[in-house]
Protein chains: 2
Amino acid sequence: MSEPEKSENIPDESAVKEIPNGGNPAKSKEDFDLAAIYVSDAQYNRNIYFDTSPQAVRLYLLYNHWLPKVLLYFFILVDLCLALFEEPAVLPLPSWATMLVELLCLLVFTIRLVHYAKVIPRDKFWKDPKNICIIVILMLTLVDMIIYGALKAADCYGVRWSRVLRPLLLVNVTEGRQLRRAFRSIRNALPQIFYVFLLFMFSVLIFSLMALKLLGKRGLKTIDGTPYFTSYLEIVFDLYVLVTTANSPDVMMPAYNASFVFAIFFILYILINTYIFMSVFLAVVYNNYKKYLKEEVRQLVRAKRHKMVRAFAVLQEQKEEGGEPVVTQANWNQVVHLVRPGISNAHRELLWSVCDDKNQGAIGKVAFVQLADLLNIEVITIKSRPHPLNSLCPALYQSAPSRLLCRMVQHRAFVIVYDLIILVNAVFIGLDEENPMIANSEWAFLALYLLEILLKLYVFEPRAFFSRHSFWNCVSTAQIQSTRFDTIIVVSALVATIVNSTMKSSGGYTSRQILDIVFILRVLRLIRVVDSIKRFRTIINTLIRIGPAILTFGQLIIVVYYIFAMVGMELFKDKVKFFEDPSDPAQLYCGNPLLKGSAFAQLNYCKNNFNNVVSSFILLVELTVVNQWHDILPPAGAAGLLMTP
Amino acid sequence: MSEPEKSENIPDESAVKEIPNGGNPAKSKEDFDLAAIYVSDAQYNRNIYFDTSPQAVRLYLLYNHWLPKVLLYFFILVDLCLALFEEPAVLPLPSWATMLVELLCLLVFTIRLVHYAKVIPRDKFWKDPKNICIIVILMLTLVDMIIYGALKAADCYGVRWSRVLRPLLLVNVTEGRQLRRAFRSIRNALPQIFYVFLLFMFSVLIFSLMALKLLGKRGLKTIDGTPYFTSYLEIVFDLYVLVTTANSPDVMMPAYNASFVFAIFFILYILINTYIFMSVFLAVVYNNYKKYLKEEVRQLVRAKRHKMVRAFAVLQEQKEEGGEPVVTQANWNQVVHLVRPGISNAHRELLWSVCDDKNQGAIGKVAFVQLADLLNIEVITIKSRPHPLNSLCPALYQSAPSRLLCRMVQHRAFVIVYDLIILVNAVFIGLDEENPMIANSEWAFLALYLLEILLKLYVFEPRAFFSRHSFWNCVSTAQIQSTRFDTIIVVSALVATIVNSTMKSSGGYTSRQILDIVFILRVLRLIRVVDSIKRFRTIINTLIRIGPAILTFGQLIIVVYYIFAMVGMELFKDKVKFFEDPSDPAQLYCGNPLLKGSAFAQLNYCKNNFNNVVSSFILLVELTVVNQWHDILPPAGAAGLLMTP
């Protein structure tokens with residue numbers, strides 16, 4: 001997708017010295033802006049080689065603002081979602097409408113790109129493959145739209161081939177750094193994987209040859225009565241499927257029925273190709289990914305240091321003649337304010353005291369370079385504020401019954417009682433909800449959960465209770481376990497249940513959708529139990545912490561799936577049909593005479609087709625999950641046959 | 001199986017000082033024996049706390065001899081293989097015969113145990129759980145045999161329940177160190193895995209509850225017309241199967257046909273439970289296994305050092321008054337000779353010069369302790385001997401045509417030509433061997449391969465050609481690629497082909513078995529190509545190097561499979577029958593009326609049964625491979641039903 005961004009990663013050391021630094025003139029606003037940008041680039045690992053002129057710096061500040069970034073991602077999302085409305089569509093829209101929206105998206109991408117071009121020097125812009133990529137994608141899309149529009153106008157059949165390019169935007173926008181890094185790591189691991197793959201294929205071919213010689217002439221029959229293992233290519237395919245274990249005992253059974261010796265052949269095959277080779281693949285990918293990621297991280301750290309050195313060069317002052325250049329606390333404060341406008345005074349002073357540990361009022365280069373990492377450390381400010389009720393009405397809040405209540409809620413038994421209530425609730429959910437007793441019990445449980453929230457609000461300071469950090473993991477005490485997540489679920493369940501019963505009592509009918517939401521919310525409420533057990537909380541917290549890495553990988557998957565879905569839709573749309581009416585005789589062969597009697601139709605897989613983008617994605621997930629993939633494939637072959645004549 | 005062998009791992013430091021060491025008396029033969037045992041124990045990581053009396057040392061030397069060890073493993077193998085001949089048998093033998101053999105095995109195990117008891121101090125013997133284990137296994141087996149014999153004599157039905165204990169012998173014999181280590185690592189990782197498993201089960205239960213609420217009341221039908229997702233327990237089972245991906249798209253199809261929204265539910269489920277949780281399992285097992293293995297290795301290294309210190313204490317002499325104690329070269333030589341009788345003088349001198357790098361004629365403790373590791377380093381002695389033909393007839397061997405031949409064979413093109421020949425051979429193997437032209441071409445290929453071996457023998461020194469180290473990987477030149485493996489394959493193929501064609505021409509019939517062997521050998525010949533490509537050789541060498549670890553794991557698998565096979569055979573034998581005659585109507589339901597119309601019978605899985613030990617093992621492998629396991633299970637349920645009344 002794009003070359004390793006070396007040109008950006010390491011700014012020339014010489015450039016650092018270019019920055020004017022005569023005497024100790026007062027720093028201008030531009031200087032602070034520039035320094036703040038370097039620090040913030042270092043903090044967020046941005047590797048953009050921007051122009052240092054005041055005008056470009058102002059543009060660059062705007063470029064890094066969250067709003068244009070969110071807008072960009074929103075329009076990429078819109079662009080990707082257009083597949084829902086274009087032929088073959090889930091919700092058909094006239095093609096002029098989708099094309100208008102797409103034009104708007106293209107316009108937004110162009111503006112963003114022009115903005116980027118204004119920020120960085122022109123030669124850097126044209127040297128960067130990701131900018132070229134975006135320009136090519138935009139041009140090709142425009143050309144495709146014009147051709148498609150012309151063909152449509154002439155009532156000809158047109159293919160929107162440029163749709164496969166859309167996900168590439170996700171990779172090539174400036175913010176797609178993580179994604180590009182993942183792609184680079186994969187690409188770097190490819191040569192190693194390729195050799196293992198060759199050896200693996202060689203092994204499959206050798207085993208197939210052996211199978212042909214051993215089994216081909218024995219006149220064995222498969223369960224359908226067709227000859228077993230007589231054609232070399234079929235054996236290769238069958239044994240390749242066996243590596244994924246998708247046809248595991250079936251492919252072996254005819255040979256095994258003939259003699260148990262052949263079972264040993266298959267077991268040996270599975271051992272070598274499924275277990276050993278797949279483990280080697282995993283090991284090679286793991287090792288290479290780790291190796292290249294380490295290299296990338298090393299480059300990142302180096303680039304971060306360079307940026308901080310540049311920021312220091314902008315801010316530095318000569319405190320005494322011939323001494324080391326330093327940054328004064330006042331200047332430092334101003335930069336930190338610019339980098340993180342919302343920072344509290346206490347937090348800022350804490351950071352300063354970490355940097356200036358000898359309390360000299362100014363820091364040198366080494367201490368200044370730490371700033372980017374210090375800013376990334378999350379600092380939680382806990383203020384032991386009194387409860388607002390305590391301030392409003394101390395007499396009541398400090399009274400004996402009120403204090404007893406507080407002690408009760410803070411007691412471990414309170415948590416246990418509520419865990420038990422949840423378990424009882426789980427049993428009630430499992431029972432038949434059409435029984436009126438069960439249906440009404442829901443109100444009791446809702447009341448109990450609401451009571452819990454109110455009690456906790458009474459006992460704990462509301463801001464601590466709703467604080468961002470106690471979303472899953474509680475900072476101050478393990479007792480405050482009811483979290484924002486909890487509250488949201490309980491309140492939504494309450495609202496949904498009220499809506500549902502209002503509709504029921506007024507119109508007398510139950511909306512299936514609302515009922516579904518009610519059920520989901522009720523079941524989600526049970527997840528709370530996990531939070532009570534410390535070990536479970538640890539595992540969940542670990543999973544949440546690796547979340548961002550999984551998200552990057554998710555984007556990568558979406559890029560790949562989207563491209564395959566687009567190609568698949570053009571090739572296979574309407575080759576396999578699903579009929580809403582199950583009594584339709586065409587349903588027996590999915591509307592495609594070539595599928596008559598195939599395993600695909602018999603297993604009722606007709607809805608696994610490429611007729612719209614949602615079906616395509618679900619089909620691709622099914623193929624990823626591997627099982628039965630050899631039964632899902634045939635329609636593609638059948639469709640191929642249909643297309644040939 | 002057995003507690004961490006701490007008691008053995010670290011010999012008491014105090015014991016080291018007990019060893020008499022007055023003045024510099026000449027070392028006796030017993031001293032050398034003792035020192036040699038310590039060194040060899042350190043070299044092979046044996047952790048046996050033996051008696052140091054001369055008599056016990058002599059017994060211990062015998063105990064460590066390879067012959068009794070091989071005999072022990074042979075009798076364990078015989079004991080395990082008895083399952084082939086006992087009811088339900090592959091090859092039935094009268095029960096008195098198998099029991100006689102088993103008695104012989106028990107006798108051998110007892111002798112070995114008594115021998116061990118004589119070697120180590122009595123209190124150590126009774127404190128070691130693995131000895132207790134063996135004694136209990138032997139006693140229980142004897143009791144079981146007596147009961148079974150008595151029941152047989154009275155014509156009653158008896159169960160040989162002690163057979164499940166047999167594989168435990170593999171774990172508990174002194175030599176099963178690696179296996180015990182693997183078991184310990186697994187056991188230590190269990191608590192961590194258990195918590196992840198609980199969370200995983202919680203997630204499955206929550207998703208099942210949600211599925212029940214969302215899908216249970218919609219009146220959906222599966223492909224068989226049975227109600228879909230209406231019973232909670234069935235949903236839990238179905239979703240558990242889905243985690244293994246064995247019923248991947250099928251379980252989703254009815255819901256997906258109703259609405260694509262439900263597909264999202266299933267995709268989310270697979271994402272969380274199959275991918276994320278399974279990855280967490282892998283990560284936890286990997287991390288824990290690594291952690292505990294590291295600890296074990298650390299203990300091993302410590303124990304090794306202690307043993308070498310003890311050996312040093314036996315051999316040490318005071319060279320000068322008040323100086324450090326040392327070991328002289330003469331004593332050192334004698335010990336090395338005892339530890340490794342076949343060591344060459346050059347090799348021994350090399351080792352000494354590594355230890356005594358200052359050439360003082362004696363080494364201190366630090367240098368001596370290295371010896372165990374030095375002995376483990378493989379040293380390859382390459383002697384550039386002249387070719388025997390060169391010595392016999394130098395005029396001929398040094399003549400111009402002979403030298404041209406040598407150059408040709410050593411040329412890279414020679415290897416390429418033979419690789420091409422192999423590829424052509426592969427194509428010929430794939431063709432129909434009943435065509436006489438193809439059948440005769442086999443002779444041409446055999447002649448070509450033989451010619452290659454003869455040419456290489458002519459060019460390279462035969463001992464280098466057949467050397468152990470060039471089995472796969474060639475030491476001196478990459479040109480010598482035809483290895484022992486190759487030669488064995490080619491010569492066997494030649495013999496088998498000759499036998500086959502003799503039988504064909506004399507009796508006019510072709511033996512299927514010999515033909516099979518010929519085919520396998522022909523295909524194996526093709527593996528040579530792998531050896532020509534350097535990258536492939538690297539991968540294969542890596543795989544060979546991790547071979548021992550895989551072997552340990554293989555033993556572990558066999559222990560587990562054997563126990564399950566024994567239990568399975570007692571529970572399910574003859575519940576499912578396979579009929580050699582496919583026209584037998586009972587074949588349609590595997591001889592068990594309860595299986596009429598089940599997926600198991602329809603898929604022709606009748607041979608997947610517990611009717612003998614071979615079938616049981618194959619069935620267990622199939623279950624391990626996961627696919628279709630939910631279809632293989634039902635007979636167990638059916639058998640359970642049969643047993644209840």
# chains A, B, ... in the order shown; residues from 1 in each chain; ligands from 1
$ interface_residues --of "chain A" --to "chain B" --cutoff "7 Å" --atoms "only C-alpha atoms" --output "PyMOL selection string"
chain A and resi 199+206+209-210+213-214+245-246+248-249+253+257+430+516+519-520+523+536+605+607+622+625+627
$ select_by_dssp --residues "stretch 391-600 of chain B" --states "alpha helix (DSSP H)" --output "VMD selection string"
chain B and resid 391 to 392 394 to 397 400 to 410 412 to 430 436 to 459 462 to 465 484 to 507 512 to 525 528 to 532 534 to 545 547 to 572 599 to 600
$ closest_residue --among "B:Asn131, B:Asn47, B:Ser344, B:Ser40" --to "B:Leu61" --atoms "only C-alpha atoms"
B:Ser40
$ residues_around --residues "A:Val108" --least-positions-apart "2" --cutoff "12 Å" --atoms "only C-alpha atoms" --output "VMD selection string"
chain A and resid 68 to 76 78 to 79 101 to 106 110 to 115 138
$ atom_distance --atom1 "atom CA of B:Met201" --atom2 "atom CA of B:Phe281"
12.6 Å
$ atom_distance --atom1 "atom CA of B:Ser532" --atom2 "atom CA of B:Leu448"
17.4 Å
$ atom_distance --atom1 "atom CA of A:His630" --atom2 "atom CA of A:Ala599"
9.7 Å
$ closest_residue --among "A:Asn425, A:Ser492, A:Ser28, A:Asn390" --to "A:Leu315" --atoms "only C-alpha atoms"
A:Ser28
$ closest_residue --among "A:Leu170, A:Leu551, A:Ile120, A:Val326" --to "A:Cys133" --atoms "only C-alpha atoms"
A:Leu170
$ closest_residue --among "B:Leu107, B:Leu190, B:Pro462, B:Lys118" --to "B:Leu62" --atoms "only C-alpha atoms"
B:Lys118
$ select_by_dssp --residues "stretch 303-549 of chain A" --states "strand (DSSP E or B)" --output "VMD selection string"
chain A and resid 317 to 318 325 to 328 362 to 363
$ decode --residues "stretch 238-254 of chain B" --atoms "N, CA, C and O atoms" --output "PDB file, in the first residue's frame"
ATOM      1  N   ASP B 238     -25.643 -26.631  21.218  1.00  0.00           N
ATOM      2  CA  ASP B 238     -25.417 -26.172  19.839  1.00  0.00           C
ATOM      3  C   ASP B 238     -24.379 -25.056  19.799  1.00  0.00           C
ATOM      4  O   ASP B 238     -23.497 -25.044  18.938  1.00  0.00           O
ATOM      5  N   LEU B 239     -24.498 -24.120  20.727  1.00  0.00           N
ATOM      6  CA  LEU B 239     -23.553 -22.999  20.706  1.00  0.00           C
ATOM      7  C   LEU B 239     -22.163 -23.461  21.140  1.00  0.00           C
ATOM      8  O   LEU B 239     -21.162 -22.946  20.670  1.00  0.00           O
ATOM      9  N   TYR B 240     -22.100 -24.461  22.025  1.00  0.00           N
ATOM     10  CA  TYR B 240     -20.788 -24.989  22.402  1.00  0.00           C
ATOM     11  C   TYR B 240     -20.129 -25.654  21.195  1.00  0.00           C
ATOM     12  O   TYR B 240     -18.931 -25.478  20.943  1.00  0.00           O
ATOM     13  N   VAL B 241     -20.951 -26.397  20.429  1.00  0.00           N
ATOM     14  CA  VAL B 241     -20.412 -27.014  19.211  1.00  0.00           C
ATOM     15  C   VAL B 241     -19.942 -25.922  18.253  1.00  0.00           C
ATOM     16  O   VAL B 241     -18.911 -26.057  17.591  1.00  0.00           O
ATOM     17  N   LEU B 242     -20.687 -24.818  18.214  1.00  0.00           N
ATOM     18  CA  LEU B 242     -20.329 -23.728  17.301  1.00  0.00           C
ATOM     19  C   LEU B 242     -18.953 -23.147  17.641  1.00  0.00           C
ATOM     20  O   LEU B 242     -18.228 -22.698  16.758  1.00  0.00           O
ATOM     21  N   VAL B 243     -18.598 -23.167  18.929  1.00  0.00           N
ATOM     22  CA  VAL B 243     -17.275 -22.659  19.321  1.00  0.00           C
ATOM     23  C   VAL B 243     -16.183 -23.444  18.613  1.00  0.00           C
ATOM     24  O   VAL B 243     -15.170 -22.891  18.191  1.00  0.00           O
ATOM     25  N   THR B 244     -16.401 -24.753  18.456  1.00  0.00           N
ATOM     26  CA  THR B 244     -15.407 -25.570  17.756  1.00  0.00           C
ATOM     27  C   THR B 244     -15.595 -25.466  16.251  1.00  0.00           C
ATOM     28  O   THR B 244     -14.916 -26.150  15.497  1.00  0.00           O
ATOM     29  N   THR B 245     -16.543 -24.648  15.803  1.00  0.00           N
ATOM     30  CA  THR B 245     -16.893 -24.396  14.392  1.00  0.00           C
ATOM     31  C   THR B 245     -17.429 -25.635  13.678  1.00  0.00           C
ATOM     32  O   THR B 245     -17.601 -25.615  12.467  1.00  0.00           O
ATOM     33  N   ALA B 246     -17.711 -26.708  14.429  1.00  0.00           N
ATOM     34  CA  ALA B 246     -18.068 -27.961  13.757  1.00  0.00           C
ATOM     35  C   ALA B 246     -19.430 -27.887  13.064  1.00  0.00           C
ATOM     36  O   ALA B 246     -19.669 -28.600  12.096  1.00  0.00           O
ATOM     37  N   ASN B 247     -20.354 -27.044  13.546  1.00  0.00           N
ATOM     38  CA  ASN B 247     -21.663 -26.965  12.887  1.00  0.00           C
ATOM     39  C   ASN B 247     -21.855 -25.557  12.318  1.00  0.00           C
ATOM     40  O   ASN B 247     -22.962 -25.028  12.292  1.00  0.00           O
ATOM     41  N   SER B 248     -20.737 -25.012  11.838  1.00  0.00           N
ATOM     42  CA  SER B 248     -20.709 -23.569  11.584  1.00  0.00           C
ATOM     43  C   SER B 248     -21.888 -22.966  10.826  1.00  0.00           C
ATOM     44  O   SER B 248     -22.705 -22.322  11.453  1.00  0.00           O
ATOM     45  N   PRO B 249     -22.052 -23.129   9.508  1.00  0.00           N
ATOM     46  CA  PRO B 249     -23.175 -22.323   9.023  1.00  0.00           C
ATOM     47  C   PRO B 249     -24.528 -22.962   9.353  1.00  0.00           C
ATOM     48  O   PRO B 249     -25.510 -22.257   9.479  1.00  0.00           O
ATOM     49  N   ASP B 250     -24.581 -24.302   9.518  1.00  0.00           N
ATOM     50  CA  ASP B 250     -25.868 -24.976   9.651  1.00  0.00           C
ATOM     51  C   ASP B 250     -26.688 -24.456  10.813  1.00  0.00           C
ATOM     52  O   ASP B 250     -27.888 -24.245  10.687  1.00  0.00           O
ATOM     53  N   VAL B 251     -26.036 -24.258  11.971  1.00  0.00           N
ATOM     54  CA  VAL B 251     -26.788 -23.862  13.152  1.00  0.00           C
ATOM     55  C   VAL B 251     -27.363 -22.455  12.963  1.00  0.00           C
ATOM     56  O   VAL B 251     -28.361 -22.087  13.571  1.00  0.00           O
ATOM     57  N   MET B 252     -26.732 -21.679  12.096  1.00  0.00           N
ATOM     58  CA  MET B 252     -27.165 -20.294  11.894  1.00  0.00           C
ATOM     59  C   MET B 252     -28.248 -20.181  10.837  1.00  0.00           C
ATOM     60  O   MET B 252     -29.051 -19.240  10.863  1.00  0.00           O
ATOM     61  N   MET B 253     -28.286 -21.113   9.884  1.00  0.00           N
ATOM     62  CA  MET B 253     -29.119 -20.917   8.699  1.00  0.00           C
ATOM     63  C   MET B 253     -30.590 -20.629   8.991  1.00  0.00           C
ATOM     64  O   MET B 253     -31.145 -19.678   8.422  1.00  0.00           O
ATOM     65  N   PRO B 254     -31.283 -21.374   9.859  1.00  0.00           N
ATOM     66  CA  PRO B 254     -32.709 -21.064  10.064  1.00  0.00           C
ATOM     67  C   PRO B 254     -32.924 -19.630  10.535  1.00  0.00           C
ATOM     68  O   PRO B 254     -33.828 -18.941  10.032  1.00  0.00           O
TER      69      PRO B 254
END
